[in-house]
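Take a look at the structure set out below.
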Amino acid sequence: MTIFFRLLESDVDEKGADLRKAIAALRELKQTPPVQGSSVYERDPTTFLTLPGSPLAYWVSDPIRAVFKSLGNFGEDGRKAVVGLKTSDDSRFVRLHWEVRPSPVAERRWVPFAKGGAFSPYYSGPQTVVGWMGTGAQLWAYYQANQARTGGMIKNPDFYFRAGITWPLRSHRFAPQALPADGIFSLRGYCAFVPEKDLLWTLALFNSSVFDFLFKTTLGRFGYPEFIVGQLLRLPWPRPDSSVAEDLGRLARRAWSLMRSLETTSETSHAFVLPSGLNEKVTGLDPAAIERELASIQKQIDETAFRLYDIVAEDRAAIEAFSESAASSDMLEVEASEDDDGEEENASVGAGPEAFNSWLVGVSFGRFDRRLATGNRAIPPEPEPFDALPSRSPAMWSEGEEPAQRADILVDDEGHVDDLAVRTRAIAETVDVDVPENLRGWLAREFFPLHIKMYSKSRRKAPIYWQLSTPSTSYSVWLYIHVFNKDTLFRVQTDYAAPKLAHEERRLESLTGDLRDGVTSVQRKALAEQESFVEELRAFLEEIKRVAPLWNPNLDDGVMINFAPLWRLVPQNKSWQKELKSTWDALCNCKYDWSHLAMHLWPERLVAKCADDRSLAIAHCLEDVFWVAGTDGKWMARETPTRAVEDLVRERTSLAVKSALKSLLEAPVATGITGRGGRRKTAIEGGSS
């Protein structure tokens, strides 16, 4: 027999003293130490062999060990727990779901991608999507060519696009979520599969305190374990009768619905309905009541689980105490791994009035449907937990019902018909909610940094409303990515920036002409401000003219790459400008040759590369030109392409684009611009472009 002392609850500085006290107390007892409910345990080491993996689980009682002997394993009867896809190049294959164009689920272009993420029992809508592009051919080609170098892998593809149960690799407790059909799970977004009729009650049992305890017991640690699939398959699994399974399924369905309802105020969620404030008025959302009901459901599930596993009263008390301790401990701090979604990073961003103002911008661009707030449109029905995710959130216009003239360009220009501040204020009045008195100033200077934070998840930044601005934010043009096209910047140039400059130049001429001897200091200041404003507008228009001929957006490339050529047009946000500039430099240095933009700008280097890299050839629709499948099904490079490389390059080369690219690369970087109101603004200095 061996004696174990449990000191996990002791402070680090007190462990030595506590150990000495425990040893002294044991000597004074002069008897066998208590086995349960004490920090001192006596165990026969051979009993560790009864648990999967033989962990040194000295704290486990004999009745708990008996559970592992009396029940079969989860991995029996066709139940599976598997790992999935690791792209090894997320910048190429992974996007946030709002940065790509919505497409029919059946096309399987950008499909939901469960990557683990934060603690979220029962429900967690995947924020990321992976580029499957119908068949996954590009991913397979990349994997086959680069697996040895990158470690990328496509594991268990037969389970892709199936409804299942997924969970983060690491968390303070085992708390899986429903994985909707038509999605893919990652190498660390583990997934379990059971017959469809068993999904809901399995989800409930997985989330029970008993199952969490058993899982951690076999892992040999309770602090912040890795819930690996191999161990899950070996855990004891009860077989409830139909009535018990039905009750558990009902509880899991309700818990899923409640967790989802908490996401209906989050603009980036698949479940988004209305922002906080409006949502409560329209739907009756009550987060406090939801939390209370969730706690009640958890108790009911735990009660059933204790019975199914035949847990005795003493063990039950210990498990409940352990569960409460874990829930209130520092273990709640999320430790992100390289493949985690990291969704907790911005959990508090965009709450309160800021969320409402952001929604107003979305309504102004025709993204969100204000009729949900006015009662003129019913809130869409809730889906089922394992249904395929829709391409649009309930807050958005239904496909085919969008406004006929959705704005792709709005401006910060008082008096203009497309003025963003006026539009948002008017929308706020229709839903009877106040907006800040200085809404225009907030939109000009504070909204875009907030928007970037709101739309940053899983280590990606993907703002969908783009603020192109003068350095002082005295004039801004706003673009919405899901409506703009290759002609949008030309329209910014001819319909907005050029007329604005002409108007302000006329004002400058008028101010100059009105000056006489004895001009006041107020007049001199007004003149200086107007001169500065005109100078900024001229520089802004010049940058638009420079980039418009070469800009050809394709949302499959992702927000950063599409935005990168416009890096000079965001001097009002230095950190964002630096990120765009870095992306642009990487693009110029061949890092993103898979992108449509790279082919648009440098076909002379890209076409030839497709002959050596089949994944690039697929990305640029040149697979049949350079590659052929052999009789054994393996792909090989053609000895002679079906078309001449020179012809392919010529077809993809535009003299106008080349001229604009040369101008952009050679243009000097503006410095020392003084903004309206006398604020000095300095654009990024240095660099090749």
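In the structure tokens, chains take the letters A, B, ... in the order shown, each chain's residues start at 1, and ligands count up from 1 in the order shown.
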(message) Taking 3 positions as the minimum chain separation for residues in the same chain, which residues sit within 9 Å of region 482-486 of chain A when counting only C-alpha atoms? Answer as a ChimeraX atom specification.
(response) /A:99-101,365,367,406-409,464,479,489-490,548-555
Limited to N, CA and C atoms, could you put the picked residues into a file as a short mmCIF file (atom, residue, chain, number, x, y, z; two decimals), in the first residue's frame?
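Saved the output as again-v7.cif:
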```cif
data_model
loop_
_atom_site.label_atom_id
_atom_site.label_comp_id
_atom_site.auth_asym_id
_atom_site.auth_seq_id
_atom_site.Cartn_x
_atom_site.Cartn_y
_atom_site.Cartn_z
N GLU A 99 -16.43 37.67 -43.92
CA GLU A 99 -15.57 38.32 -44.92
C GLU A 99 -15.67 37.70 -46.31
N VAL A 100 -16.40 36.61 -46.44
CA VAL A 100 -16.60 36.01 -47.77
C VAL A 100 -18.06 36.22 -48.17
N ARG A 101 -18.32 36.11 -49.45
CA ARG A 101 -19.69 36.29 -49.92
C ARG A 101 -20.53 35.07 -49.55
N PHE A 365 -26.16 50.55 -44.78
CA PHE A 365 -25.59 49.91 -45.97
C PHE A 365 -26.50 48.82 -46.54
N ARG A 367 -27.29 46.04 -44.99
CA ARG A 367 -26.88 44.71 -44.53
C ARG A 367 -27.93 44.13 -43.58
N ARG A 406 -28.84 48.97 -52.68
CA ARG A 406 -28.01 48.94 -51.47
C ARG A 406 -26.77 49.80 -51.69
N ALA A 407 -26.42 50.60 -50.69
CA ALA A 407 -25.28 51.50 -50.83
C ALA A 407 -23.97 50.73 -50.76
N ASP A 408 -23.08 51.02 -51.68
CA ASP A 408 -21.72 50.52 -51.57
C ASP A 408 -20.77 51.62 -51.13
N ILE A 409 -21.24 52.87 -51.21
CA ILE A 409 -20.43 54.02 -50.81
C ILE A 409 -21.29 54.97 -49.98
N ILE A 464 -15.65 44.91 -42.31
CA ILE A 464 -16.43 44.86 -43.55
C ILE A 464 -16.90 46.24 -43.99
N LEU A 479 -16.89 52.29 -47.49
CA LEU A 479 -17.22 51.24 -48.45
C LEU A 479 -17.72 50.00 -47.70
N LEU A 489 -14.03 52.23 -56.74
CA LEU A 489 -13.07 53.32 -56.51
C LEU A 489 -13.15 54.37 -57.61
N PHE A 490 -13.47 53.96 -58.83
CA PHE A 490 -13.67 54.97 -59.88
C PHE A 490 -14.86 55.86 -59.53
N ALA A 548 -7.17 53.19 -58.14
CA ALA A 548 -8.42 52.73 -58.77
C ALA A 548 -8.20 51.84 -59.99
N PRO A 549 -7.25 52.16 -60.90
CA PRO A 549 -7.11 51.33 -62.11
C PRO A 549 -6.64 49.90 -61.84
N LEU A 550 -5.98 49.67 -60.71
CA LEU A 550 -5.45 48.31 -60.47
C LEU A 550 -6.28 47.51 -59.47
N TRP A 551 -7.24 48.18 -58.83
CA TRP A 551 -7.99 47.50 -57.78
C TRP A 551 -9.05 46.60 -58.38
N ASN A 552 -9.01 45.32 -58.00
CA ASN A 552 -9.96 44.35 -58.54
C ASN A 552 -10.32 43.37 -57.43
N PRO A 553 -11.22 43.77 -56.51
CA PRO A 553 -11.47 42.98 -55.30
C PRO A 553 -12.09 41.62 -55.58
N ASN A 554 -11.64 40.64 -54.82
CA ASN A 554 -12.21 39.30 -54.82
C ASN A 554 -12.23 38.84 -53.37
N LEU A 555 -13.42 38.69 -52.78
CA LEU A 555 -13.51 38.42 -51.35
C LEU A 555 -12.95 37.07 -50.96
#
```
(message) I need the residues in region 49-293 of chain A that are helix (DSSP H, G or I) according to DSSP; give them as JSON, numbers by chain.
(response) {"A": [49, 50, 62, 63, 64, 65, 66, 67, 68, 69, 70, 90, 91, 92, 93, 97, 98, 99, 105, 106, 107, 137, 138, 139, 140, 141, 142, 143, 144, 145, 146, 147, 148, 149, 150, 157, 158, 159, 196, 197, 198, 199, 200, 201, 202, 203, 204, 205, 206, 209, 210, 211, 212, 213, 214, 215, 216, 217, 218, 219, 229, 230, 231, 232, 242, 243, 244, 245, 246, 247, 248, 249, 250, 251, 252, 253, 254, 255, 256, 257, 258, 259, 260, 261, 262, 263, 264, 265, 278, 279, 280, 281, 282, 283, 287, 288, 289, 290, 291, 292, 293]}
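Closest to Thr128 (chain A) among A:Ala395, A:Cys610, A:Ala619, A:Ala462 is A:Ala462, based on only C-alpha atoms.
Interatomic distance, CA of Lys299 (chain A) to CA of Thr166 (chain A): 22.0 Å.
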(message) My list of candidates is A:Phe626, A:Lys500, A:Asp487, A:Pro126. Which is closest to Gly415 (chain A) when distances are computed with only C-alpha atoms?
(response) A:Lys500
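For region 66-131 of chain A, backbone-based DSSP assignment of strand (DSSP E) covers Gly72, Asn73, Lys80, Ala81, Val82, Leu85, Lys86, Val94, Arg95, Leu96, Trp110, Val111, Pro112, Phe113, Ala114, Thr128, Val129, Val130 and Gly131 of chain A.
Counting only C-alpha atoms, the residue from A:Ala656, A:Leu508, A:Val82, A:Ile165 that sits nearest to Gln523 (chain A) is A:Leu508.
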(request) Go through A:Asp585, A:Asp593, A:Glu536, A:Glu646 one by one, measure the shortest atom-to-atom distance of each to Ala617 (chain A) using only C-alpha atoms, and give the residue with the smallest value. (result) A:Asp593
(request) Give the answer as one residue: which of A:Asn562, A:Ser458, A:Thr265, A:Gln577 has the shortest atom-to-atom distance to His596 (chain A), using only C-alpha atoms? (result) A:Asn562
Contacts of region 144-165 of chain A with region 177-201 of chain A up to 10 Å, shortest pair per row, only C-alpha atoms, as CSV:
```
residue,atom,partner,partner_atom,distance
A:Gly152,CA,A:Leu187,CA,9.6
A:Met153,CA,A:Leu187,CA,8.3
A:Ile154,CA,A:Leu187,CA,8.5
A:Lys155,CA,A:Leu187,CA,7.7
A:Asn156,CA,A:Phe185,CA,9.8
A:Pro157,CA,A:Ile184,CA,8.6
A:Phe159,CA,A:Ile184,CA,8.2
A:Tyr160,CA,A:Ile184,CA,5.1
A:Phe161,CA,A:Asp182,CA,3.8
A:Arg162,CA,A:Ala181,CA,4.8
A:Ala163,CA,A:Ala181,CA,4.1
A:Gly164,CA,A:Phe193,CA,5.0
A:Ile165,CA,A:Ala178,CA,4.8
```
Filtering to N, CA and C atoms, could you give me those residues as a PDB file, in the first residue's frame?
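Full text of part.pdb as output:
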```pdb
ATOM      1  N   GLY A 152       0.858  19.909 -42.469  1.00  0.00           N
ATOM      2  CA  GLY A 152      -0.580  19.954 -42.717  1.00  0.00           C
ATOM      3  C   GLY A 152      -1.140  18.558 -42.888  1.00  0.00           C
ATOM      4  N   MET A 153      -2.402  18.402 -42.558  1.00  0.00           N
ATOM      5  CA  MET A 153      -2.998  17.076 -42.675  1.00  0.00           C
ATOM      6  C   MET A 153      -4.507  17.194 -42.840  1.00  0.00           C
ATOM      7  N   ILE A 154      -5.055  16.242 -43.567  1.00  0.00           N
ATOM      8  CA  ILE A 154      -6.502  16.142 -43.742  1.00  0.00           C
ATOM      9  C   ILE A 154      -6.916  14.809 -43.141  1.00  0.00           C
ATOM     10  N   LYS A 155      -7.328  14.857 -41.894  1.00  0.00           N
ATOM     11  CA  LYS A 155      -7.645  13.647 -41.157  1.00  0.00           C
ATOM     12  C   LYS A 155      -9.153  13.360 -41.195  1.00  0.00           C
ATOM     13  N   ASN A 156      -9.497  12.116 -41.369  1.00  0.00           N
ATOM     14  CA  ASN A 156     -10.883  11.627 -41.254  1.00  0.00           C
ATOM     15  C   ASN A 156     -11.879  12.394 -42.129  1.00  0.00           C
ATOM     16  N   PRO A 157     -11.576  12.576 -43.410  1.00  0.00           N
ATOM     17  CA  PRO A 157     -12.496  13.328 -44.272  1.00  0.00           C
ATOM     18  C   PRO A 157     -13.860  12.675 -44.434  1.00  0.00           C
ATOM     19  N   PHE A 159     -15.777  11.944 -42.243  1.00  0.00           N
ATOM     20  CA  PHE A 159     -16.671  12.501 -41.232  1.00  0.00           C
ATOM     21  C   PHE A 159     -16.992  13.979 -41.471  1.00  0.00           C
ATOM     22  N   TYR A 160     -16.370  14.578 -42.493  1.00  0.00           N
ATOM     23  CA  TYR A 160     -16.676  15.973 -42.784  1.00  0.00           C
ATOM     24  C   TYR A 160     -18.132  16.097 -43.240  1.00  0.00           C
ATOM     25  N   PHE A 161     -18.721  17.243 -42.956  1.00  0.00           N
ATOM     26  CA  PHE A 161     -20.094  17.564 -43.371  1.00  0.00           C
ATOM     27  C   PHE A 161     -21.144  16.682 -42.680  1.00  0.00           C
ATOM     28  N   ARG A 162     -20.769  16.138 -41.532  1.00  0.00           N
ATOM     29  CA  ARG A 162     -21.722  15.371 -40.730  1.00  0.00           C
ATOM     30  C   ARG A 162     -21.994  16.099 -39.423  1.00  0.00           C
ATOM     31  N   ALA A 163     -23.215  16.029 -38.952  1.00  0.00           N
ATOM     32  CA  ALA A 163     -23.541  16.597 -37.646  1.00  0.00           C
ATOM     33  C   ALA A 163     -22.824  15.808 -36.559  1.00  0.00           C
ATOM     34  N   GLY A 164     -22.262  16.517 -35.602  1.00  0.00           N
ATOM     35  CA  GLY A 164     -21.529  15.861 -34.535  1.00  0.00           C
ATOM     36  C   GLY A 164     -21.477  16.726 -33.293  1.00  0.00           C
ATOM     37  N   ILE A 165     -20.556  16.412 -32.417  1.00  0.00           N
ATOM     38  CA  ILE A 165     -20.380  17.141 -31.160  1.00  0.00           C
ATOM     39  C   ILE A 165     -18.905  17.501 -31.054  1.00  0.00           C
TER      40      ILE A 165
END
```
(request) Would you mind reading off the distance between CA of Glu639 (chain A) and CA of Val625 (chain A), one decimal, in Å? (result) 10.7 Å
Counting only C-alpha atoms, what are the residues of region 634-654 of chain A within 12 Å of region 132-144 of chain A, and for each of them which pair of atoms is the nearest and at what distance in Å, to one decimal? Sort the table by chain and rising number, as JSON lines.
```
{"residue": "A:Lys634", "atom": "CA", "partner": "A:Gln144", "partner_atom": "CA", "distance": 10.5}
{"residue": "A:Trp635", "atom": "CA", "partner": "A:Ala141", "partner_atom": "CA", "distance": 9.0}
{"residue": "A:Met636", "atom": "CA", "partner": "A:Ala141", "partner_atom": "CA", "distance": 11.2}
```
(request) Rank nothing, just name the residue among A:Met599, A:Leu420, A:Ala388, A:Leu262 nearest to Asp286 (chain A), using only C-alpha atoms. (result) A:Leu262
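When the distance limit is 12 Å and only C-alpha atoms are what count, the residues near Pro287 (chain A), minus those fewer than 2 positions from it on the same chain, are A:Leu258, A:Met259, A:Arg260, A:Ser261, A:Leu262, A:Glu263, A:Thr264, A:Thr265, A:Ser276, A:Gly277, A:Asn279, A:Glu280, A:Thr283, A:Gly284, A:Leu285, A:Ala289, A:Ile290, A:Glu291, A:Arg292, A:Glu293, A:Leu294.
Excluding Asp413 (chain A) itself and same-chain residues fewer than 5 positions from it, the residues having an atom within 10 Å of it are Asp418, Asp419, Leu420, Ala421, Val422, Arg440, Ser474, Tyr475, Ser476, Val477, Tyr496 and Lys500 of chain A, counting only C-alpha atoms.
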